[in-house]
Amino acid sequence: MLYKNKIKVQNILKSAVALMLMLTLSLSTALSPLAKAEEAKYTWKTLTSVPASNRPVGVYFSPDGSKLFIPELDSLHNTSSLWMSADDGATWRKIFSKQTTIEFVSISAGGSKIVLGSIGVSTFYISTDGGQSWTESQNNGVVSPTISPDGSFLVGCSGGSGAYITHISTDDGQTWTQKGTNNVMCPKYAFNNGTIITTIYDKIARSTDYGQTWTETPNVLNVKSFSNNGNNVFNEDRISLDGGNHWTPSNAPIPAGYTFYQTGISDDGKKLFVTARLVAAGVRKTTLLTSVDGGRTWHSEDLSDSITAMSNDGSKLFNAYIENGRFVYRVGTLPTSQPVTPGSGAGGTVTPSTGSTSVTPGQKPGKSVRAFGGNRNFNLDGWWVSCYLRCSWCVGAEKTAVDRTLDYSYITKKQIGRKKCYTKIRKKHIKECSSFNAYAHTVFIYSSVTTG
């Protein structure tokens, strides 16, 4: 009897060791995508066929990243032009040129609607066909119009000195409707579903009803940028993922003496960039900092007089800088993540199981169940089983996915099937994965036979 108990204890210990080994191997597999994510950085391609010859007013993306824009000003002839590329800068065409001064460009998501104007001036130009034709609009004192990403409305303002009146147009600037008033500034950002935001020095004003009512958030210093969906805010040295209510440090390693000039943040809050400048003895120096993991790590490069734009998902950057007296344009792209098929574990596609034929040598006959994360069946009688949720890497999934892999573990010596694993783990927590753009699927881990 003692001998049998001793053998049983030994088998249980062996099983525990095997289980720990399997968990370790599984965790290392789960961590490998994280290592790749942290190593990811933008790959830059210099554009050699940009025809713009004058100083750019800025560089722009359509929010979806499908088109590049360069507005330039020929100050000698007081002529503004707009160049557009629909193939990541390989070819360009001039879609606007006029004797006027263009100081800002506002673009709908796919670039079908484009607004050009000057700050504080009521005259603006709008195209609703991707720049093929333009309409000059005199909008009766409504200045600085901005278009929403979906192109459904324009927002501008009138007044000033602490009473900025909002005006909305839903017919591409032909007519305007007066809305409410804020005490901060003319609207600077328009988002879908009627959300409008403006900022000044130490305040944010936000409206969610097309400018009819406004809510002001004080003590928010030096806001530089918002994500295209309006949820994320990049202050100089901190970021917020809830519109400015809560903040975390950006950890951007700004060189001593430099100041923030420009920032950008993606819709998922993970991709960031900072342009920092130092002007000393008449020389302007610029450092471009980029992060793809929410500010945990940064890549830095020194450039002269650099300006940058980001696509809404952060997968592309459009950058210009001066080298040897001329502007150099380039596009930075992130490696494309390969989505993991739900149920594929660390990599490949799972072949559906059709039977219960696979039995490990020495294993007792028993009920067979398909293993998620593999393409064969296991007989579970006498086996320890760990069933847990895995969030497989897709675009935007970061360390959180790894942390949650083992948080929702369910370990049992009982026979466990697909339905039970799904009920206990996946069904309850699948939204946790989808919230950061990952695929959720269940995984079984098997240890050695423990019966004796």
# chains A, B, ... in the order shown; residues from 1 in each chain; ligands from 1
>>> residues_around(residues="range 243-253 of chain A", least_positions_apart="6", cutoff="9 Å", atoms="only C-alpha atoms", output="PyMOL selection string")
chain A and resi 204+217+220+226+230-237+272-274+289-291+294-298+300
>>> write_last_selection(atoms="C-alpha atoms", output="mmCIF file, in the first residue's frame")
data_model
loop_
_atom_site.group_PDB
_atom_site.id
_atom_site.type_symbol
_atom_site.label_atom_id
_atom_site.label_comp_id
_atom_site.auth_asym_id
_atom_site.auth_seq_id
_atom_site.Cartn_x
_atom_site.Cartn_y
_atom_site.Cartn_z
ATOM 1 C CA ILE A 204 -9.428 72.019 -23.611
ATOM 2 C CA THR A 217 -11.274 71.069 -18.948
ATOM 3 C CA VAL A 220 -4.279 71.020 -19.330
ATOM 4 C CA PHE A 226 -5.282 64.547 -30.778
ATOM 5 C CA GLY A 230 -10.652 62.272 -30.697
ATOM 6 C CA ASN A 231 -10.062 59.915 -27.758
ATOM 7 C CA ASN A 232 -6.306 60.288 -27.286
ATOM 8 C CA VAL A 233 -4.415 63.451 -26.402
ATOM 9 C CA PHE A 234 -0.675 64.053 -26.602
ATOM 10 C CA ASN A 235 0.437 66.785 -24.270
ATOM 11 C CA GLU A 236 4.112 67.725 -24.327
ATOM 12 C CA ASP A 237 5.331 65.197 -21.782
ATOM 13 C CA LEU A 272 3.649 58.319 -31.105
ATOM 14 C CA PHE A 273 6.007 60.862 -32.564
ATOM 15 C CA VAL A 274 7.624 64.018 -31.219
ATOM 16 C CA LEU A 289 11.420 60.753 -31.757
ATOM 17 C CA THR A 290 9.134 57.806 -32.575
ATOM 18 C CA SER A 291 7.554 55.109 -30.435
ATOM 19 C CA GLY A 294 2.897 53.749 -26.206
ATOM 20 C CA GLY A 295 6.115 55.446 -25.089
ATOM 21 C CA ARG A 296 7.867 52.508 -23.408
ATOM 22 C CA THR A 297 10.702 52.708 -25.932
ATOM 23 C CA TRP A 298 11.733 55.482 -28.326
ATOM 24 C CA SER A 300 15.626 59.107 -32.055
#
>>> closest_residue(among="A:Ile197, A:Ile95, A:Leu278, A:Ile307", to="Thr213 in chain A", atoms="only C-alpha atoms")
A:Ile197
>>> closest_residue(among="A:Trp92, A:Trp134, A:Phe318, A:Tyr329", to="Gly65 in chain A", atoms="only C-alpha atoms")
A:Phe318
>>> closest_residue(among="A:Ser304, A:Thr199, A:Asn222, A:Ser266", to="Lys316 in chain A", atoms="only C-alpha atoms")
A:Ser266
>>> residues_around(residues="range 184-190 of chain A", least_positions_apart="3", cutoff="8 Å", atoms="only C-alpha atoms", output="short mmCIF file (atom, residue, chain, number, x, y, z; two decimals) with N, CA and C atoms, in the first residue's frame")
data_model
loop_
_atom_site.label_atom_id
_atom_site.label_comp_id
_atom_site.auth_asym_id
_atom_site.auth_seq_id
_atom_site.Cartn_x
_atom_site.Cartn_y
_atom_site.Cartn_z
N SER A 144 -11.64 79.95 -40.60
CA SER A 144 -10.86 78.75 -40.26
C SER A 144 -11.69 77.47 -40.26
N THR A 146 -12.81 73.65 -40.69
CA THR A 146 -12.16 72.34 -40.59
C THR A 146 -13.21 71.28 -40.92
N ILE A 147 -12.79 70.22 -41.63
CA ILE A 147 -13.73 69.18 -42.04
C ILE A 147 -13.59 67.95 -41.14
N SER A 148 -14.70 67.27 -40.89
CA SER A 148 -14.67 66.04 -40.10
C SER A 148 -14.04 64.92 -40.92
N PRO A 149 -13.48 63.90 -40.28
CA PRO A 149 -12.84 62.81 -41.03
C PRO A 149 -13.77 62.13 -42.03
N LEU A 154 -18.55 70.63 -41.86
CA LEU A 154 -17.47 71.59 -41.65
C LEU A 154 -17.79 72.37 -40.38
N VAL A 155 -16.75 72.78 -39.66
CA VAL A 155 -16.95 73.63 -38.50
C VAL A 155 -16.02 74.83 -38.61
N GLY A 156 -16.56 76.02 -38.32
CA GLY A 156 -15.78 77.25 -38.29
C GLY A 156 -16.28 78.10 -37.13
N CYS A 157 -15.81 79.32 -37.05
CA CYS A 157 -16.27 80.15 -35.95
C CYS A 157 -16.25 81.62 -36.33
N SER A 158 -16.91 82.40 -35.50
CA SER A 158 -16.89 83.86 -35.61
C SER A 158 -16.76 84.41 -34.20
N GLY A 160 -14.82 86.28 -31.01
CA GLY A 160 -13.49 86.23 -30.42
C GLY A 160 -13.49 86.85 -29.04
N GLY A 162 -12.90 85.66 -26.03
CA GLY A 162 -13.62 84.93 -25.00
C GLY A 162 -15.03 84.55 -25.35
N ALA A 163 -15.46 84.83 -26.58
CA ALA A 163 -16.81 84.43 -27.03
C ALA A 163 -16.71 83.94 -28.47
N TYR A 164 -16.34 82.69 -28.61
CA TYR A 164 -16.12 82.10 -29.93
C TYR A 164 -17.37 81.33 -30.33
N ILE A 165 -18.06 81.83 -31.36
CA ILE A 165 -19.33 81.26 -31.79
C ILE A 165 -19.07 80.18 -32.83
N THR A 166 -19.64 79.02 -32.62
CA THR A 166 -19.45 77.87 -33.53
C THR A 166 -20.47 77.92 -34.65
N GLY A 194 -20.19 64.53 -34.64
CA GLY A 194 -20.45 65.82 -34.04
C GLY A 194 -19.53 66.26 -32.92
N THR A 195 -18.44 65.56 -32.72
CA THR A 195 -17.48 65.96 -31.69
C THR A 195 -16.53 67.02 -32.24
N ILE A 196 -16.35 68.09 -31.47
CA ILE A 196 -15.48 69.20 -31.85
C ILE A 196 -14.62 69.55 -30.65
N ILE A 197 -13.34 69.85 -30.89
CA ILE A 197 -12.42 70.18 -29.79
C ILE A 197 -11.60 71.41 -30.17
N THR A 198 -11.30 72.22 -29.17
CA THR A 198 -10.34 73.30 -29.35
C THR A 198 -9.50 73.42 -28.10
N THR A 199 -8.37 74.06 -28.22
CA THR A 199 -7.43 74.18 -27.10
C THR A 199 -6.78 75.56 -27.09
N ILE A 200 -6.29 75.94 -25.93
CA ILE A 200 -5.44 77.12 -25.79
C ILE A 200 -4.65 76.99 -24.50
N LYS A 203 -6.13 74.93 -21.45
CA LYS A 203 -7.51 74.46 -21.44
C LYS A 203 -7.83 73.64 -22.68
N ILE A 204 -8.80 72.73 -22.50
CA ILE A 204 -9.43 72.02 -23.61
C ILE A 204 -10.92 72.29 -23.54
N ALA A 205 -11.53 72.61 -24.66
CA ALA A 205 -12.99 72.73 -24.74
C ALA A 205 -13.49 71.68 -25.72
#
>>> residues_around(residues="Asp150 in chain A", least_positions_apart="3", cutoff="9 Å", atoms="only C-alpha atoms", output="mmCIF file with C-alpha atoms, in the first residue's frame")
data_model
loop_
_atom_site.group_PDB
_atom_site.id
_atom_site.type_symbol
_atom_site.label_atom_id
_atom_site.label_comp_id
_atom_site.auth_asym_id
_atom_site.auth_seq_id
_atom_site.Cartn_x
_atom_site.Cartn_y
_atom_site.Cartn_z
ATOM 1 C CA SER A 108 -11.459 63.847 -45.067
ATOM 2 C CA ALA A 109 -10.523 60.213 -44.423
ATOM 3 C CA GLY A 110 -10.004 59.042 -48.002
ATOM 4 C CA ILE A 147 -13.726 69.176 -42.041
ATOM 5 C CA PHE A 153 -19.665 68.511 -41.818
ATOM 6 C CA PHE A 191 -14.354 64.445 -35.404
ATOM 7 C CA ASN A 192 -17.123 62.164 -36.560
#
>>> atom_distance(atom1="CA of Asn219 in chain A", atom2="CA of Ser207 in chain A")
17.9 Å
>>> select_by_dssp(residues="range 148-252 of chain A", states="strand (DSSP E or B)", output="ChimeraX atom specification")
/A:154-160,163-169,177-182,189-190,196-200,203-207,215-218,225-226,233-234,238-240,248-249
>>> residues_around(residues="Ser97 in chain A", least_positions_apart="2", cutoff="7 Å", atoms="only C-alpha atoms", output="compact mmCIF listing (two decimals) with C-alpha atoms, in the first residue's frame")
# COMPACT_ATOMS: atom_id res chain seq x y z
CA THR A 79 1.15 81.69 -55.12
CA SER A 80 0.06 78.66 -53.14
CA SER A 81 0.06 75.16 -54.62
CA LEU A 82 -1.02 71.74 -53.39
>>> closest_residue(among="A:Arg277, A:Arg326, A:Lys94, A:Lys67", to="Ser112 in chain A", atoms="only C-alpha atoms")
A:Lys67
>>> atom_distance(atom1="CA of Phe104 in chain A", atom2="CA of Glu301 in chain A")
26.8 Å
>>> atom_distance(atom1="CA of Ser137 in chain A", atom2="CA of Lys224 in chain A")
29.0 Å
>>> residues_around(residues="Val331 in chain A", least_positions_apart="3", cutoff="8 Å", atoms="only C-alpha atoms", output="ChimeraX atom specification")
/A:44-47,88-89,316-319
>>> residues_around(residues="Gly111 in chain A", least_positions_apart="5", cutoff="10 Å", atoms="only C-alpha atoms", output="list in words")
Phe61, Ser62, Pro63, Asp64, Gly65, Ser66, Lys67, Leu68, Phe69, Met84, Ala86, Ser106, Ser127, Thr128, Asp129, Gly130, Gly131, Pro149, Asp150 and Gly151 of chain A
